[in-house]
Amino acid sequence: MQKAIYTTVGIDELLSHVQALKGVGARFVQMHAERNVDDGSYRLVYTFINVRAAQEHIAQDGGYAIENLVVEGIDQYQEIPSISSYYPAVFPFENEAHDLFGLAITDMQIDFKGFFYQVSTAEPMSVITPEVKAAREKAMKVRAAAEAKARKAAAEKAAAAAAAAGEGAGDTAGAAVAQPAAAAGSDAQHDEAAAKAALKAAELEAKLAAMDPEKAAKVRAALAAKAARDKQKKEA
């Protein structure tokens with residue numbers, strides 16, 4: 001039988017309790033957030049299994065204790081310290097609490113030194129190397145900049161078209177402003193395509209690095225031959 005233990009703690013006490021659980025070998029299970037419909041405050045529940053205590057309970061009566069830390073009465077704008085420095089696995093739960101409720105969880109430690117997932121096989125979840133991590137971050141920044149540039153161009157085009165229509169200038173003025181807007185959108189697409197290509201290349205290098213050297217050499221040769229054939233077709 002599982003024994004659920006709930007301990008209510010204040011925000012300023014949370015990290016010390018988590019540190020204590022970490023110190024005795026407790027394993028993190030999950031964290032969830034919920035909203036109190038009566039007063040609009042929020043409640044966080046962190047769930048752990050104390051592995052050593054669990055072994056003792058299982059030996060005695062076949063059950064074990066699930067320990068929960070409860071933080072109640074949280075205001076939406078209150079800062080809640082992340083426990084990810086002790087339990088990195090909490091990050092998706094904290095991120096969800098932020099996305100769903102807008103809770104201000106601070107100091108999330110999501111940098112796993114380039115290895116978010118590390119498994120024994122290269123696929124389906126490949127080991128993420130620092131090079132791939134950097135390429136992904138660059139791709140996200142370039143994509144965000146490209147989208148912002150395209151949105152700005154579209155807004156300028158719409159504003160100019162509206163002004164031209166209001167002044168009775170007709171299609172000529174609208175076409176004049178459409179050209180730079182289209183060019184900006186084209187540049188944004190080019191930047192995003194370049195970022196995607198760089199990311200794909202980095203991920204490929206990570207996979208090749210994980211392969212047997214002889215097999216990796218054959219794959220590289222095959223890719224080089226394919227690139228040469230594609231180049232010849234374009235030039236023909």
# chains A, B, ... in the order shown; residues from 1 in each chain; ligands from 1

$ closest_atom_pairs --of "segment 15-84 of chain A" --to "segment 90-105 of chain A" --cutoff "9 Å" --atoms "only C-alpha atoms" --output "Markdown table"
| residue | atom | partner | partner_atom | distance |
| --- | --- | --- | --- | --- |
| A:Phe28 | CA | A:Val90 | CA | 7.6 |
| A:Val29 | CA | A:Val90 | CA | 8.4 |
| A:Gln30 | CA | A:Val90 | CA | 6.8 |
| A:Met31 | CA | A:Phe93 | CA | 5.8 |
| A:His32 | CA | A:Phe93 | CA | 6.6 |
| A:Ala33 | CA | A:Ala97 | CA | 5.9 |
| A:Glu34 | CA | A:Phe101 | CA | 8.4 |
| A:Arg35 | CA | A:Phe101 | CA | 8.2 |
| A:Tyr42 | CA | A:Leu103 | CA | 8.6 |
| A:Leu44 | CA | A:Ala97 | CA | 8.9 |
| A:Ile74 | CA | A:Leu103 | CA | 8.8 |
| A:Asp75 | CA | A:Leu103 | CA | 8.3 |
| A:Gln76 | CA | A:Leu103 | CA | 5.5 |
| A:Tyr77 | CA | A:Ala104 | CA | 6.2 |
| A:Gln78 | CA | A:Ala104 | CA | 6.3 |
| A:Glu79 | CA | A:Ala104 | CA | 5.0 |
| A:Ile80 | CA | A:Ile105 | CA | 4.6 |
| A:Pro81 | CA | A:Ile105 | CA | 5.7 |
| A:Ser82 | CA | A:Ile105 | CA | 5.8 |
| A:Ile83 | CA | A:Val90 | CA | 7.1 |
| A:Ser84 | CA | A:Val90 | CA | 5.8 |

$ write_last_selection --atoms "C-alpha atoms" --output "mmCIF file, in the first residue's frame"
data_model
loop_
_atom_site.group_PDB
_atom_site.id
_atom_site.type_symbol
_atom_site.label_atom_id
_atom_site.label_comp_id
_atom_site.auth_asym_id
_atom_site.auth_seq_id
_atom_site.Cartn_x
_atom_site.Cartn_y
_atom_site.Cartn_z
ATOM 1 C CA PHE A 28 11.605 13.102 -8.095
ATOM 2 C CA VAL A 29 8.334 11.849 -9.619
ATOM 3 C CA GLN A 30 6.328 14.849 -10.800
ATOM 4 C CA MET A 31 5.158 18.381 -10.088
ATOM 5 C CA HIS A 32 1.785 19.901 -10.898
ATOM 6 C CA ALA A 33 0.138 23.299 -10.532
ATOM 7 C CA GLU A 34 -3.518 24.064 -9.921
ATOM 8 C CA ARG A 35 -5.603 27.216 -9.491
ATOM 9 C CA TYR A 42 -2.171 28.866 -7.129
ATOM 10 C CA LEU A 44 2.107 23.626 -6.429
ATOM 11 C CA ILE A 74 0.837 31.620 -4.588
ATOM 12 C CA ASP A 75 0.138 34.912 -6.317
ATOM 13 C CA GLN A 76 0.516 34.890 -10.104
ATOM 14 C CA TYR A 77 3.360 37.403 -9.942
ATOM 15 C CA GLN A 78 5.252 35.803 -7.050
ATOM 16 C CA GLU A 79 8.665 34.413 -7.941
ATOM 17 C CA ILE A 80 8.974 30.666 -7.353
ATOM 18 C CA PRO A 81 12.500 29.218 -7.277
ATOM 19 C CA SER A 82 13.090 26.362 -9.694
ATOM 20 C CA ILE A 83 14.214 23.065 -8.149
ATOM 21 C CA SER A 84 15.891 22.012 -11.418
#

$ residues_around --residues "Glu72 of chain A" --least-positions-apart "3" --cutoff "8 Å" --atoms "only C-alpha atoms" --output "list of chain:residue names"
A:Thr8, A:Val9, A:Gly10, A:Ser41, A:Tyr42, A:Arg43, A:Leu44

$ decode --residues "segment 2-13 of chain A" --atoms "all heavy atoms" --output "compact mmCIF listing (two decimals), in the first residue's frame"
# COMPACT_ATOMS: atom_id res chain seq x y z
N GLN A 2 0.57 2.19 -0.89
CA GLN A 2 1.33 3.42 -0.97
C GLN A 2 0.84 4.40 0.08
O GLN A 2 -0.36 4.60 0.25
CB GLN A 2 1.18 4.03 -2.36
CG GLN A 2 1.73 3.15 -3.47
CD GLN A 2 1.50 3.77 -4.83
OE1 GLN A 2 1.03 4.88 -4.94
NE2 GLN A 2 1.84 3.04 -5.87
N LYS A 3 1.76 5.01 0.82
CA LYS A 3 1.41 5.98 1.85
C LYS A 3 1.78 7.38 1.37
O LYS A 3 2.94 7.66 1.12
CB LYS A 3 2.16 5.64 3.14
CG LYS A 3 1.87 4.24 3.65
CD LYS A 3 2.76 3.89 4.82
CE LYS A 3 2.52 2.46 5.29
NZ LYS A 3 3.42 2.07 6.39
N ALA A 4 0.77 8.22 1.20
CA ALA A 4 1.01 9.58 0.72
C ALA A 4 1.20 10.53 1.88
O ALA A 4 0.35 10.62 2.77
CB ALA A 4 -0.15 10.03 -0.15
N ILE A 5 2.32 11.22 1.90
CA ILE A 5 2.64 12.18 2.94
C ILE A 5 2.66 13.56 2.31
O ILE A 5 3.34 13.79 1.31
CB ILE A 5 4.00 11.87 3.58
CG1 ILE A 5 3.99 10.47 4.20
CG2 ILE A 5 4.36 12.92 4.63
CD1 ILE A 5 5.36 10.00 4.65
N TYR A 6 1.91 14.51 2.88
CA TYR A 6 1.86 15.87 2.36
C TYR A 6 2.42 16.84 3.40
O TYR A 6 1.98 16.85 4.55
CB TYR A 6 0.42 16.27 2.03
CG TYR A 6 -0.15 15.53 0.84
CD1 TYR A 6 -0.74 14.29 1.00
CD2 TYR A 6 -0.07 16.07 -0.44
CE1 TYR A 6 -1.25 13.59 -0.09
CE2 TYR A 6 -0.58 15.39 -1.55
CZ TYR A 6 -1.18 14.15 -1.35
OH TYR A 6 -1.68 13.47 -2.44
N THR A 7 3.39 17.62 2.98
CA THR A 7 4.00 18.62 3.87
C THR A 7 3.87 19.99 3.22
O THR A 7 4.38 20.22 2.12
CB THR A 7 5.49 18.31 4.10
OG1 THR A 7 5.63 16.98 4.61
CG2 THR A 7 6.10 19.31 5.07
N THR A 8 3.15 20.89 3.89
CA THR A 8 2.98 22.24 3.36
C THR A 8 4.18 23.11 3.75
O THR A 8 4.56 23.16 4.92
CB THR A 8 1.69 22.88 3.90
OG1 THR A 8 0.57 22.07 3.51
CG2 THR A 8 1.49 24.28 3.35
N VAL A 9 4.77 23.75 2.75
CA VAL A 9 5.95 24.59 2.99
C VAL A 9 5.74 25.94 2.32
O VAL A 9 4.95 26.08 1.38
CB VAL A 9 7.23 23.93 2.44
CG1 VAL A 9 7.48 22.59 3.10
CG2 VAL A 9 7.17 23.77 0.93
N GLY A 10 6.45 26.95 2.80
CA GLY A 10 6.41 28.25 2.18
C GLY A 10 7.37 28.32 1.01
O GLY A 10 8.28 27.48 0.88
N ILE A 11 7.20 29.31 0.15
CA ILE A 11 8.09 29.45 -1.00
C ILE A 11 9.54 29.58 -0.55
O ILE A 11 10.44 28.99 -1.17
CB ILE A 11 7.67 30.67 -1.85
CG1 ILE A 11 6.34 30.40 -2.55
CG2 ILE A 11 8.74 31.02 -2.88
CD1 ILE A 11 5.84 31.54 -3.39
N ASP A 12 9.76 30.33 0.53
CA ASP A 12 11.13 30.54 1.00
C ASP A 12 11.72 29.28 1.65
O ASP A 12 12.92 29.22 1.91
CB ASP A 12 11.18 31.70 1.99
CG ASP A 12 10.24 31.52 3.17
OD1 ASP A 12 9.30 30.72 3.07
OD2 ASP A 12 10.45 32.20 4.19
N GLU A 13 10.89 28.27 1.92
CA GLU A 13 11.37 27.02 2.53
C GLU A 13 11.54 25.90 1.50
O GLU A 13 12.11 24.86 1.82
CB GLU A 13 10.38 26.53 3.60
CG GLU A 13 10.11 27.52 4.73
CD GLU A 13 8.97 27.03 5.62
OE1 GLU A 13 7.91 26.66 5.10
OE2 GLU A 13 9.18 26.99 6.84
